$ cat structure_29.cif   # mmCIF, C-alpha atoms
data_input
#
loop_
_atom_site.label_atom_id
_atom_site.label_comp_id
_atom_site.auth_asym_id
_atom_site.auth_seq_id
_atom_site.Cartn_x
_atom_site.Cartn_y
_atom_site.Cartn_z
CA MET A 10 -174.22 100.03 -59.66
CA SER A 11 -174.64 103.69 -59.07
CA SER A 12 -171.31 105.47 -58.77
CA GLY A 13 -173.16 108.17 -56.86
CA LEU A 14 -173.40 106.14 -53.66
CA ILE A 15 -169.75 105.13 -53.55
CA ASP A 16 -168.70 108.71 -54.22
CA HIS A 17 -171.02 109.90 -51.44
CA VAL A 18 -169.75 107.25 -49.00
CA ARG A 19 -166.15 108.21 -49.79
CA GLU A 20 -166.96 111.82 -49.05
CA LEU A 21 -168.67 110.93 -45.76
CA ALA A 22 -165.77 108.63 -44.83
CA GLU A 23 -163.45 111.61 -44.66
CA THR A 24 -165.08 112.44 -41.30
CA VAL A 25 -163.94 109.05 -39.97
CA GLY A 26 -160.46 108.96 -41.50
CA GLY A 27 -158.25 105.99 -42.31
CA LEU A 28 -160.75 104.25 -44.58
CA ARG A 29 -159.83 102.83 -47.96
CA PHE A 30 -162.01 101.58 -50.79
CA ARG A 31 -161.41 98.70 -53.17
CA ARG A 32 -163.54 97.42 -56.01
CA MET A 33 -164.58 93.81 -55.50
CA PHE A 34 -167.30 91.36 -56.54
CA GLY A 35 -169.20 93.94 -58.57
CA GLY A 36 -169.31 96.31 -55.59
CA TRP A 37 -166.88 97.97 -53.23
CA GLY A 38 -165.16 96.92 -50.03
CA VAL A 39 -164.59 99.52 -47.32
CA PHE A 40 -161.41 98.84 -45.35
CA CYS A 41 -160.00 100.13 -42.10
CA GLU A 42 -156.63 99.22 -40.60
CA ALA A 43 -157.99 95.95 -39.14
CA GLY A 44 -159.74 94.71 -42.30
CA MET A 45 -162.96 95.02 -44.24
CA CYS A 46 -165.51 97.02 -42.28
CA GLY A 47 -168.10 97.72 -44.96
CA ILE A 48 -169.55 96.72 -48.30
CA VAL A 49 -171.21 98.90 -50.90
CA SER A 50 -173.41 96.68 -53.03
CA GLY A 51 -175.84 98.17 -55.50
CA ASP A 52 -177.19 101.26 -53.83
CA VAL A 53 -176.77 99.99 -50.26
CA LEU A 54 -174.04 100.36 -47.64
CA PHE A 55 -173.56 97.41 -45.28
CA LEU A 56 -171.43 97.64 -42.13
CA LYS A 57 -169.49 95.02 -40.15
CA ILE A 58 -171.14 93.95 -36.89
CA ASP A 59 -170.25 91.72 -33.96
CA GLU A 60 -171.81 90.65 -30.66
CA ALA A 61 -171.15 94.07 -29.14
CA SER A 62 -172.89 96.01 -31.92
CA VAL A 63 -175.55 93.68 -33.34
CA GLY A 64 -178.19 94.99 -30.91
CA ARG A 65 -178.01 98.51 -32.37
CA PHE A 66 -178.57 97.13 -35.88
CA GLU A 67 -181.37 94.78 -34.80
CA ALA A 68 -183.13 97.59 -32.90
CA GLU A 69 -183.22 99.52 -36.18
CA GLY A 70 -184.50 96.49 -38.11
CA LEU A 71 -181.47 96.55 -40.42
CA GLU A 72 -181.19 93.40 -42.51
CA PRO A 73 -178.03 91.41 -43.19
CA PHE A 74 -176.08 91.52 -46.42
CA SER A 75 -177.17 88.93 -48.99
CA TYR A 76 -176.41 88.19 -52.59
CA ALA A 77 -177.62 85.85 -55.33
CA THR A 78 -175.68 82.76 -56.39
CA LYS A 79 -176.40 79.85 -58.71
CA LYS A 80 -177.47 77.88 -55.63
CA GLY A 81 -179.79 80.60 -54.35
CA ARG A 82 -179.49 83.55 -52.04
CA GLN A 83 -176.54 83.63 -49.62
CA THR A 84 -176.60 85.73 -46.47
CA ILE A 85 -173.62 87.07 -44.55
CA ASP A 86 -174.86 87.88 -41.06
CA THR A 87 -171.72 89.77 -40.04
CA TYR A 88 -172.65 92.74 -42.25
CA ARG A 89 -175.86 94.73 -41.78
CA ARG A 90 -177.43 97.50 -43.78
CA ALA A 91 -176.51 100.99 -42.61
CA PRO A 92 -179.44 103.21 -41.64
CA GLU A 93 -180.54 105.40 -44.54
CA ARG A 94 -180.39 108.51 -42.35
CA SER A 95 -176.66 107.92 -41.78
CA LEU A 96 -176.09 108.72 -45.45
CA ASP A 97 -177.68 112.13 -44.95
CA ASP A 98 -175.79 113.21 -41.83
CA PRO A 99 -171.99 113.14 -41.54
CA ASP A 100 -172.08 112.86 -37.73
CA GLU A 101 -174.55 109.98 -37.87
CA PHE A 102 -172.48 108.31 -40.58
CA ALA A 103 -169.33 108.61 -38.45
CA GLU A 104 -171.13 107.07 -35.46
CA TRP A 105 -172.31 104.02 -37.42
CA MET A 106 -169.02 103.65 -39.27
CA ARG A 107 -167.14 103.71 -35.96
CA LEU A 108 -169.31 100.79 -34.81
CA ALA A 109 -168.17 98.88 -37.90
CA VAL A 110 -164.51 99.85 -37.48
CA ASP A 111 -164.61 98.80 -33.81
CA ALA A 112 -166.29 95.47 -34.68
CA THR A 113 -163.62 94.84 -37.32
CA ALA A 114 -160.85 95.63 -34.83
CA ARG A 115 -162.34 93.31 -32.18
CA LYS A 116 -162.62 90.50 -34.74
CA ALA A 117 -159.00 90.97 -35.82
CA GLU A 118 -157.80 91.01 -32.20
CA ALA A 119 -159.78 87.87 -31.35
CA LYS A 120 -158.35 86.12 -34.39
CA ALA A 121 -154.81 87.19 -33.48
CA SER A 122 -155.26 86.08 -29.86
CA LYS A 123 -156.60 82.73 -30.95
CA GLY A 124 -153.64 82.26 -33.27
CA ARG A 125 -151.14 83.07 -30.50
CA ALA A 126 -152.66 80.84 -27.82
CA GLY A 127 -151.07 77.42 -27.93
CA SER A 128 -150.35 77.35 -31.64
CA PRO A 129 -147.30 75.21 -32.29
CA ARG A 130 -146.71 77.06 -35.57
CA ARG A 131 -146.54 80.40 -33.76
CA GLY A 132 -144.20 79.34 -31.00
CA GLY A 133 -146.90 78.32 -28.53
CA ARG A 134 -146.41 75.30 -26.28
CA LEU A 135 -148.52 72.21 -26.27
CA ALA A 136 -149.71 70.85 -22.94
CA GLY A 137 -148.04 67.71 -21.70
CA PRO A 138 -144.86 66.46 -20.10
CA PRO A 139 -141.55 67.95 -21.17
CA LEU A 140 -139.61 66.02 -23.77
#
$ encode --input "structure_29.cif" --output "structure tokens"
Amino acid sequence: MSSGLIDHVRELAETVGGLRFRRMFGGWGVFCEAGMCGIVSGDVLFLKIDEASVGRFEAEGLEPFSYATKKGRQTIDTYRRAPERSLDDPDEFAEWMRLAVDATARKAEAKASKGRAGSPRRGGRLAGPPL
């Protein structure tokens, strides 16, 4: 993997703030406060998407993240390739990265809400007559 891309992405990420990088699975994970919002694999940056942002990525024709396994190619639809032009323009990079950070935050909030609603392990109450 080219160290040039990760170094460049780290530099661009300074315009967004609050991002951290961790080596993983032969690439890099890009993390915001809410979780992993990006992946650098090979010479490509992939960003987290959700229902609110997928349209922007589809309109650009940006493909999902995929990787090879012993059983064939696996695709993770929740990460899409970042537009090449975003790597050349700090403002454009910040705009696309904010989409990923926002998608990651929405996912974390939805997960937290789901865990709080009616979960007996988290102090929620089960429906039914009182005991």
$ residues_around --input "structure_29.cif" --residues "stretch 24-39 of chain A" --least-positions-apart "4" --cutoff "10 Å" --atoms "all atoms listed in the file" --output "ChimeraX atom specification"
/A:10-12,15,18-20,44-57,99-100,102-104,106-107,110
$ write_last_selection --input "structure_29.cif" --atoms "C-alpha atoms" --output "PDB file, in the coordinates of the input"
ATOM      1  CA  MET A  10    -174.220 100.030 -59.660  1.00  0.00           C
ATOM      2  CA  SER A  11    -174.640 103.690 -59.070  1.00  0.00           C
ATOM      3  CA  SER A  12    -171.310 105.470 -58.770  1.00  0.00           C
ATOM      4  CA  ILE A  15    -169.750 105.130 -53.550  1.00  0.00           C
ATOM      5  CA  VAL A  18    -169.750 107.250 -49.000  1.00  0.00           C
ATOM      6  CA  ARG A  19    -166.150 108.210 -49.790  1.00  0.00           C
ATOM      7  CA  GLU A  20    -166.960 111.820 -49.050  1.00  0.00           C
ATOM      8  CA  GLY A  44    -159.740  94.710 -42.300  1.00  0.00           C
ATOM      9  CA  MET A  45    -162.960  95.020 -44.240  1.00  0.00           C
ATOM     10  CA  CYS A  46    -165.510  97.020 -42.280  1.00  0.00           C
ATOM     11  CA  GLY A  47    -168.100  97.720 -44.960  1.00  0.00           C
ATOM     12  CA  ILE A  48    -169.550  96.720 -48.300  1.00  0.00           C
ATOM     13  CA  VAL A  49    -171.210  98.900 -50.900  1.00  0.00           C
ATOM     14  CA  SER A  50    -173.410  96.680 -53.030  1.00  0.00           C
ATOM     15  CA  GLY A  51    -175.840  98.170 -55.500  1.00  0.00           C
ATOM     16  CA  ASP A  52    -177.190 101.260 -53.830  1.00  0.00           C
ATOM     17  CA  VAL A  53    -176.770  99.990 -50.260  1.00  0.00           C
ATOM     18  CA  LEU A  54    -174.040 100.360 -47.640  1.00  0.00           C
ATOM     19  CA  PHE A  55    -173.560  97.410 -45.280  1.00  0.00           C
ATOM     20  CA  LEU A  56    -171.430  97.640 -42.130  1.00  0.00           C
ATOM     21  CA  LYS A  57    -169.490  95.020 -40.150  1.00  0.00           C
ATOM     22  CA  PRO A  99    -171.990 113.140 -41.540  1.00  0.00           C
ATOM     23  CA  ASP A 100    -172.080 112.860 -37.730  1.00  0.00           C
ATOM     24  CA  PHE A 102    -172.480 108.310 -40.580  1.00  0.00           C
ATOM     25  CA  ALA A 103    -169.330 108.610 -38.450  1.00  0.00           C
ATOM     26  CA  GLU A 104    -171.130 107.070 -35.460  1.00  0.00           C
ATOM     27  CA  MET A 106    -169.020 103.650 -39.270  1.00  0.00           C
ATOM     28  CA  ARG A 107    -167.140 103.710 -35.960  1.00  0.00           C
ATOM     29  CA  VAL A 110    -164.510  99.850 -37.480  1.00  0.00           C
TER      30      VAL A 110
END
$ closest_residue --input "structure_29.cif" --among "A:Leu71, A:Val63, A:Cys41, A:Ile85" --to "A:Ala117" --atoms "all atoms listed in the file"
A:Cys41
$ closest_residue --input "structure_29.cif" --among "A:Ala119, A:Leu14, A:Ala112, A:Ala43" --to "A:Glu60" --atoms "only C-alpha atoms"
A:Ala112
$ closest_residue --input "structure_29.cif" --among "A:Ser75, A:Glu42, A:Arg115, A:Arg65" --to "A:Ala91" --atoms "all atoms listed in the file"
A:Arg65
$ atom_distance --input "structure_29.cif" --atom1 "atom CA of A:Arg82" --atom2 "atom CA of A:Asp59"
21.9 Å
$ axis_aligned_box --input "structure_29.cif" --around "stretch 52-71 of chain A" --padding-each-side "3 Å" --output "lines of an AutoDock Vina configuration file"
center_x = -177.0
center_y = 96.0
center_z = -41.5
size_x = 21.0
size_y = 16.6
size_z = 30.7
$ atom_distance --input "structure_29.cif" --atom1 "atom CA of A:Asp86" --atom2 "atom CA of A:Asp98"
25.4 Å
$ atom_distance --input "structure_29.cif" --atom1 "atom CA of A:Glu67" --atom2 "atom CA of A:Arg89"
8.9 Å
$ build_atoms --input "structure_29.cif" --residues "stretch 105-120 of chain A" --atoms "N, CA, C and O atoms" --output "PDB file, in the frame of the given file"
ATOM      1  N   TRP A 105    -172.057 105.393 -36.957  1.00  0.00           N
ATOM      2  CA  TRP A 105    -172.310 104.020 -37.420  1.00  0.00           C
ATOM      3  C   TRP A 105    -171.046 103.396 -38.000  1.00  0.00           C
ATOM      4  O   TRP A 105    -170.773 102.211 -37.790  1.00  0.00           O
ATOM      5  N   MET A 106    -170.256 104.181 -38.708  1.00  0.00           N
ATOM      6  CA  MET A 106    -169.020 103.650 -39.270  1.00  0.00           C
ATOM      7  C   MET A 106    -168.046 103.282 -38.162  1.00  0.00           C
ATOM      8  O   MET A 106    -167.342 102.273 -38.257  1.00  0.00           O
ATOM      9  N   ARG A 107    -168.017 104.058 -37.086  1.00  0.00           N
ATOM     10  CA  ARG A 107    -167.140 103.710 -35.960  1.00  0.00           C
ATOM     11  C   ARG A 107    -167.555 102.384 -35.329  1.00  0.00           C
ATOM     12  O   ARG A 107    -166.703 101.619 -34.876  1.00  0.00           O
ATOM     13  N   LEU A 108    -168.854 102.109 -35.295  1.00  0.00           N
ATOM     14  CA  LEU A 108    -169.310 100.790 -34.810  1.00  0.00           C
ATOM     15  C   LEU A 108    -168.709  99.680 -35.662  1.00  0.00           C
ATOM     16  O   LEU A 108    -168.263  98.653 -35.147  1.00  0.00           O
ATOM     17  N   ALA A 109    -168.708  99.889 -36.979  1.00  0.00           N
ATOM     18  CA  ALA A 109    -168.170  98.880 -37.900  1.00  0.00           C
ATOM     19  C   ALA A 109    -166.658  98.755 -37.764  1.00  0.00           C
ATOM     20  O   ALA A 109    -166.121  97.641 -37.753  1.00  0.00           O
ATOM     21  N   VAL A 110    -165.968  99.865 -37.641  1.00  0.00           N
ATOM     22  CA  VAL A 110    -164.510  99.850 -37.480  1.00  0.00           C
ATOM     23  C   VAL A 110    -164.149  99.144 -36.174  1.00  0.00           C
ATOM     24  O   VAL A 110    -163.239  98.305 -36.142  1.00  0.00           O
ATOM     25  N   ASP A 111    -164.873  99.443 -35.099  1.00  0.00           N
ATOM     26  CA  ASP A 111    -164.610  98.800 -33.810  1.00  0.00           C
ATOM     27  C   ASP A 111    -164.890  97.300 -33.870  1.00  0.00           C
ATOM     28  O   ASP A 111    -164.127  96.504 -33.318  1.00  0.00           O
ATOM     29  N   ALA A 112    -165.972  96.900 -34.536  1.00  0.00           N
ATOM     30  CA  ALA A 112    -166.290  95.470 -34.680  1.00  0.00           C
ATOM     31  C   ALA A 112    -165.203  94.765 -35.460  1.00  0.00           C
ATOM     32  O   ALA A 112    -164.788  93.646 -35.117  1.00  0.00           O
ATOM     33  N   THR A 113    -164.689  95.411 -36.500  1.00  0.00           N
ATOM     34  CA  THR A 113    -163.620  94.840 -37.320  1.00  0.00           C
ATOM     35  C   THR A 113    -162.348  94.686 -36.483  1.00  0.00           C
ATOM     36  O   THR A 113    -161.667  93.660 -36.555  1.00  0.00           O
ATOM     37  N   ALA A 114    -162.040  95.676 -35.678  1.00  0.00           N
ATOM     38  CA  ALA A 114    -160.850  95.630 -34.830  1.00  0.00           C
ATOM     39  C   ALA A 114    -160.966  94.510 -33.783  1.00  0.00           C
ATOM     40  O   ALA A 114    -160.006  93.776 -33.541  1.00  0.00           O
ATOM     41  N   ARG A 115    -162.149  94.382 -33.175  1.00  0.00           N
ATOM     42  CA  ARG A 115    -162.340  93.310 -32.180  1.00  0.00           C
ATOM     43  C   ARG A 115    -162.192  91.942 -32.818  1.00  0.00           C
ATOM     44  O   ARG A 115    -161.595  91.034 -32.246  1.00  0.00           O
ATOM     45  N   LYS A 116    -162.729  91.774 -34.014  1.00  0.00           N
ATOM     46  CA  LYS A 116    -162.620  90.500 -34.740  1.00  0.00           C
ATOM     47  C   LYS A 116    -161.159  90.185 -35.038  1.00  0.00           C
ATOM     48  O   LYS A 116    -160.705  89.059 -34.849  1.00  0.00           O
ATOM     49  N   ALA A 117    -160.411  91.178 -35.495  1.00  0.00           N
ATOM     50  CA  ALA A 117    -159.000  90.970 -35.820  1.00  0.00           C
ATOM     51  C   ALA A 117    -158.214  90.622 -34.559  1.00  0.00           C
ATOM     52  O   ALA A 117    -157.351  89.738 -34.588  1.00  0.00           O
ATOM     53  N   GLU A 118    -158.498  91.289 -33.455  1.00  0.00           N
ATOM     54  CA  GLU A 118    -157.800  91.010 -32.200  1.00  0.00           C
ATOM     55  C   GLU A 118    -158.123  89.610 -31.696  1.00  0.00           C
ATOM     56  O   GLU A 118    -157.239  88.882 -31.252  1.00  0.00           O
ATOM     57  N   ALA A 119    -159.382  89.222 -31.779  1.00  0.00           N
ATOM     58  CA  ALA A 119    -159.780  87.870 -31.350  1.00  0.00           C
ATOM     59  C   ALA A 119    -159.088  86.820 -32.203  1.00  0.00           C
ATOM     60  O   ALA A 119    -158.614  85.803 -31.691  1.00  0.00           O
ATOM     61  N   LYS A 120    -159.003  87.065 -33.484  1.00  0.00           N
ATOM     62  CA  LYS A 120    -158.350  86.120 -34.390  1.00  0.00           C
ATOM     63  C   LYS A 120    -156.857  86.030 -34.069  1.00  0.00           C
ATOM     64  O   LYS A 120    -156.283  84.945 -34.038  1.00  0.00           O
TER      65      LYS A 120
END
